[in-house]
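Asks: Here it is, the structure in full.
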Amino acid sequence: MSSLTKDFLARYAAESREEFEALLKELVEIPTVSSDPARKPDIARGAQVAADLIRRFGGEAQVYETSGNPIVHGKWGSDPDRPTITVYNHMDVQPASKETEPWRTEPFEFVKDGDKYRGRGTTDDKGPALAALFGARAAMKAGVPVNVRVLWEFEEEIGSPSFQEGITAHRDALATDSVIVSDTIWVSRGKPAAPAGLRGLQGLLFQLTTGETDQHSGVTGGAARNPIAELMQVVTACFDAKTGKVKIPGFYKDVVPPTKREIEDFKRCGFTVKGFMKDHEFRSIRSKDPVDIMKRIWAMPTFEIHGVIGGYQGPGVKTIVPPFAEVKVSCRLVPNQTGDKIAALVEKFVKSQNKDVVVKREHGLSPYGGLTTGPLADAVRRSMKFAFGKEPVFVREGGSIGAVLTMEQVLKAPVMFLGLSLPEHGYHAPNENFDWEQASGGMIAFAKYFEEIAGLGKGGHAAKKAEPAPKKKAAPKKAAPKKAAPKKAATKSKR
Ligand code: BES
Ligand code: MN
Ligand code: MN
């Protein structure tokens with residue numbers, strides 16, 4: 001069978017560079033912000049452009065509407081003797097504003113700055129999506145015997161509320177032997193990583209209304225209740241803002257701490273406190289101990305507040321008492337925790353602190369335990385080593401991707417990861433960027449991954465699917481059942 005060489009793929013990447021940049025520009029300049037209802041038309045346009053892109057690359061494209069945002073599916077080949085691999089990415093982005101955030105360039109203008117590409121969505125997740133697509137094209141052109149699919153979501157950044165409905169309705173058309181997700185980050189440049197797990201997320205809103213309109217604080221202050229302050233009191237009862245320790249009874253009950261083995265992996269993964277501080281532009285953080293920090297960001301649940309609404313926000317002081325306040329909260333979840341259980345604990349606790357506070361739940365995402373052993377994980381190892389010169393470390397990552405567990409369960413296919421983003425690219429931050437080193441390496445890694453999977457053959461590939469994340473017991477060696485999704489994807493797989 002074909003054997004892709006590094007030279008051949010490096011040349012392919014170099015020759016594709018202008019085309020890649022033009023397409024990334026086209027995608028970044030459509031502000032597909034899923035959290036903003038005013039951007040609905042941009043989401044629709046983004047989906048059409050994405051479908052056209054698939055067609056330009058010689059694939060068949062479908063835009064599947066859902067009760068939320070559409071899902072775009074691309075299809076190349078349907079030889080039943082070849083393995084079918086689906087690449088998942090999301091094409092929606094986080095909000096961005098040059099007025100309120102320190103962007104140095106327009107967020108929805110693609111700016112090429114040497115080897116760097118700036119703009120919202122360059123790294124999360126349009127750049128990686130394109131790199132994977134170019135890699136797939138290289139593999140197909142070289143005759144690698146695989147059927148390729150892409151599955152592009154447009155509401156990942158709001159927790160994928162309609163994704164399950166969407167893929168369930170089209171599960172036959174979306175049939176695949178495995179999925180590869182490119183939406184995660186490395187430990188640092190030169191240190192490839194693949195997630196051994198992702199955290200889940202439960203978003204919540206705390207709201208308190210004590211009146212109708214702003215009132216003079218000289219005339220009413222002292223007697224009037226202050227909803228912002230009451231919510232602050234509730235929040236500080238929920239967690240210690242300095243240490244991050246959550247004080248809600250039962251919050252940590254289901255947490256399975258990382259194993260010794262995982263901690264050893266953490267220690268060897270190349271994480272440094274200095275690098276972390278620099279990549280994220282911190283002045284100080286809650287801990288100085290690297291292992292403690294890694295546990296905090298990858299393996300422990302959190303209680304976070306993202307924003308407070310209420311009161312006067314303009315210059316100087318305006319002497320009013322506000323009638324309403326809202327706190328935007330989320331809890332990151334780790335394997336074995338569930339969003340429903342955590343939301344119920346939080347609601348009960350908040351009510352016990354202040355019965356007038358209304359708690360609203362957002363769509364929750366389950367934590368995920370990834371595969372780190374078996375032929376697919378080895379294919380990821382080899383592809384990354386081939387493209388970037390280093391095998392990836394498999395450590396947990398702290399972010400959440402709602403679609404992952406859903407794909408595993410609905411498509412009954414194993415989900416692997418081949419992320420290309422770096423911490424310094426600024427996920428969700430102002431001045432988000434991507435770069436040619438990661439993009440071109442990504443093309444090479446993806447092309448190689450397809451070849452690796454083709455090498456496993458349809459049978460070997462499907463057999464892999466049968467190998468569930470093993471529990472403690474001896475794993476059954478023989479042809480296992482089709483069902484990949486082990487009850488709790490949350491159970492850690494061993495390596
Ligand atoms: N790509 C990230 C998820 C991610 C972050 C994976 C860091 C690995 C490391 C994804 O686009 C994301 O930001 N997800 C959101 C989901 C939420 C808004 C429902 C997240 O994690 O906050
Ligand atoms: Mn993402
Ligand atoms: Mn994101």
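Here's how to read the names in the structure tokens: chain A, B, ... by the order shown, residue numbers from 1 in each chain, ligand numbers from 1 in the order shown.
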Residues contacting ligand 1 - anything with an atom at most 8 Å away, using only C-alpha atoms and all ligand atoms - can you give me those as a PyMOL selection string?
Replies: chain A and resi 90+93-94+124-125+156-160+183-185+195+198-201+203+363-365+397-402+427-428
Asks: Please write the residues from the selection above to a file, keeping C-alpha atoms, as a short mmCIF file (atom, residue, chain, number, x, y, z; two decimals), in the first residue's frame.
Replies:
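Saved file result-v3.cif follows:
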```cif
data_model
loop_
_atom_site.label_atom_id
_atom_site.label_comp_id
_atom_site.auth_asym_id
_atom_site.auth_seq_id
_atom_site.Cartn_x
_atom_site.Cartn_y
_atom_site.Cartn_z
CA HIS A 90 -16.55 22.94 15.35
CA VAL A 93 -16.60 30.58 17.79
CA GLN A 94 -16.61 32.53 21.03
CA ASP A 124 -10.54 27.32 18.06
CA ASP A 125 -11.35 25.64 15.83
CA GLU A 156 -19.95 23.58 20.32
CA GLU A 157 -19.21 26.83 22.14
CA ILE A 158 -22.65 26.81 23.74
CA GLY A 159 -22.42 23.21 24.89
CA SER A 160 -23.81 21.40 21.82
CA ASP A 183 -10.09 20.60 19.14
CA THR A 184 -7.62 20.24 22.01
CA ILE A 185 -4.34 21.82 23.12
CA PRO A 195 -6.23 14.13 25.99
CA LEU A 198 -11.75 16.01 29.20
CA ARG A 199 -13.65 17.74 31.95
CA GLY A 200 -17.40 18.16 31.79
CA LEU A 201 -19.25 21.37 32.45
CA GLY A 203 -23.35 26.12 33.59
CA HIS A 363 -27.08 22.60 29.03
CA GLY A 364 -24.62 20.31 30.86
CA LEU A 365 -21.71 18.35 29.35
CA GLU A 397 -7.16 18.25 29.56
CA GLY A 398 -9.32 20.69 31.43
CA GLY A 399 -11.69 21.90 28.70
CA SER A 400 -14.95 20.34 27.57
CA ILE A 401 -16.32 19.22 24.21
CA GLY A 402 -19.96 18.20 24.44
CA TYR A 427 -8.33 29.92 23.26
CA HIS A 428 -11.29 32.27 24.01
#
```
Asks: Each residue of range 166-258 of chain A with at least one atom at most 12 Å from range 279-302 of chain A should appear once, together with its nearest atom pair and the corresponding distance in Å (one decimal); atoms considered: only C-alpha atoms; ordering: chain, then increasing residue number; output as JSON lines.
Replies:
```
{"residue": "A:Trp186", "atom": "CA", "partner": "A:Asp279", "partner_atom": "CA", "distance": 11.8}
{"residue": "A:Val187", "atom": "CA", "partner": "A:Asp279", "partner_atom": "CA", "distance": 10.4}
{"residue": "A:Ser188", "atom": "CA", "partner": "A:Asp279", "partner_atom": "CA", "distance": 8.7}
{"residue": "A:Arg189", "atom": "CA", "partner": "A:Asp279", "partner_atom": "CA", "distance": 10.4}
{"residue": "A:Pro195", "atom": "CA", "partner": "A:Trp298", "partner_atom": "CA", "distance": 9.8}
{"residue": "A:Ala196", "atom": "CA", "partner": "A:Trp298", "partner_atom": "CA", "distance": 10.0}
{"residue": "A:Gly197", "atom": "CA", "partner": "A:Trp298", "partner_atom": "CA", "distance": 8.3}
{"residue": "A:Leu198", "atom": "CA", "partner": "A:Trp298", "partner_atom": "CA", "distance": 7.6}
{"residue": "A:Arg199", "atom": "CA", "partner": "A:Trp298", "partner_atom": "CA", "distance": 7.1}
{"residue": "A:Gly200", "atom": "CA", "partner": "A:Pro301", "partner_atom": "CA", "distance": 8.7}
{"residue": "A:Leu201", "atom": "CA", "partner": "A:Pro301", "partner_atom": "CA", "distance": 9.0}
{"residue": "A:Gln202", "atom": "CA", "partner": "A:Thr302", "partner_atom": "CA", "distance": 10.1}
{"residue": "A:Gly203", "atom": "CA", "partner": "A:Thr302", "partner_atom": "CA", "distance": 11.4}
{"residue": "A:Cys238", "atom": "CA", "partner": "A:Thr302", "partner_atom": "CA", "distance": 11.0}
{"residue": "A:Phe239", "atom": "CA", "partner": "A:Thr302", "partner_atom": "CA", "distance": 9.3}
{"residue": "A:Asp240", "atom": "CA", "partner": "A:Thr302", "partner_atom": "CA", "distance": 11.0}
{"residue": "A:Ala241", "atom": "CA", "partner": "A:Arg286", "partner_atom": "CA", "distance": 9.8}
{"residue": "A:Lys242", "atom": "CA", "partner": "A:Arg286", "partner_atom": "CA", "distance": 7.1}
{"residue": "A:Thr243", "atom": "CA", "partner": "A:Arg286", "partner_atom": "CA", "distance": 6.3}
{"residue": "A:Gly244", "atom": "CA", "partner": "A:Thr302", "partner_atom": "CA", "distance": 7.3}
{"residue": "A:Lys245", "atom": "CA", "partner": "A:Thr302", "partner_atom": "CA", "distance": 8.0}
{"residue": "A:Val246", "atom": "CA", "partner": "A:Thr302", "partner_atom": "CA", "distance": 7.3}
{"residue": "A:Lys247", "atom": "CA", "partner": "A:Thr302", "partner_atom": "CA", "distance": 11.0}
{"residue": "A:Ile248", "atom": "CA", "partner": "A:Thr302", "partner_atom": "CA", "distance": 11.4}
{"residue": "A:Phe251", "atom": "CA", "partner": "A:Pro301", "partner_atom": "CA", "distance": 8.5}
{"residue": "A:Tyr252", "atom": "CA", "partner": "A:Pro301", "partner_atom": "CA", "distance": 7.6}
{"residue": "A:Lys253", "atom": "CA", "partner": "A:Pro301", "partner_atom": "CA", "distance": 10.8}
{"residue": "A:Asp254", "atom": "CA", "partner": "A:Pro301", "partner_atom": "CA", "distance": 10.2}
{"residue": "A:Val255", "atom": "CA", "partner": "A:Met300", "partner_atom": "CA", "distance": 7.5}
{"residue": "A:Val256", "atom": "CA", "partner": "A:Ala299", "partner_atom": "CA", "distance": 8.6}
{"residue": "A:Pro257", "atom": "CA", "partner": "A:Ala299", "partner_atom": "CA", "distance": 7.1}
{"residue": "A:Pro258", "atom": "CA", "partner": "A:Ala299", "partner_atom": "CA", "distance": 6.5}
```
Asks: May I have all residues of range 116-155 of chain A that DSSP, computed from the backbone, assigns to strand (DSSP E), given as JSON, numbers by chain?
Replies: {"A": [116, 117, 118, 147, 148, 149, 150, 151, 152, 153]}
Asks: Go through A:Leu456, A:Val317, A:Val181, A:Ala413 and flag the residue nearest ligand 2, using only C-alpha atoms and all ligand atoms for the distances.
Replies: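 That would be A:Val181, the residue with the smallest distance to ligand 2.
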Asks: Pick from A:Pro323, A:Gly68, A:Pro145, A:Gly426: nearest to ligand 2, with only C-alpha atoms and all ligand atoms counted?
Replies: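 Closest residue, counting only C-alpha atoms and all ligand atoms: A:Gly426.
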Asks: Which residue, A:Glu165, A:Glu155, A:Glu264, A:Asp36, has the smallest gap to ligand 2 when you use only C-alpha atoms and all ligand atoms?
Replies: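 With only C-alpha atoms and all ligand atoms as the atom set, the closest residue is A:Glu155.
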Asks: So which residues touch range 56-63 of chain A within 8 Å, counting only C-alpha atoms, skipping near sequence neighbours fewer than 4 positions away, as a VMD selection string?
Replies: chain A and resid 47 to 48 51 to 52 70 to 76 137
Asks: What is the distance, in Å and to one decimal place, between CA of Glu21 in chain A and CA of Pro392 in chain A?
Replies: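 Calculated distance between CA of Glu21 in chain A and CA of Pro392 in chain A is 26.3 Å.
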Asks: DSSP on the backbone: what in range 217-376 of chain A comes out alpha helix (DSSP H), as a PyMOL selection string?
Replies: chain A and resi 217-220+227-238+260-268+273-279+290-294+339-353+375-376
Asks: Which is closest to Thr338 in chain A among A:Gly310, A:Gly77, A:Gly166, A:Pro367, if we use only C-alpha atoms?
Replies: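 Among A:Gly310, A:Gly77, A:Gly166, A:Pro367, it is A:Pro367 that comes nearest to Thr338 in chain A.
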Asks: For the atom pair CA of Lys267 in chain A and CA of Arg396 in chain A, what is the interatomic distance in Å to one decimal place?
Replies: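 Taking CA of Lys267 in chain A and CA of Arg396 in chain A, their separation equals 12.5 Å.
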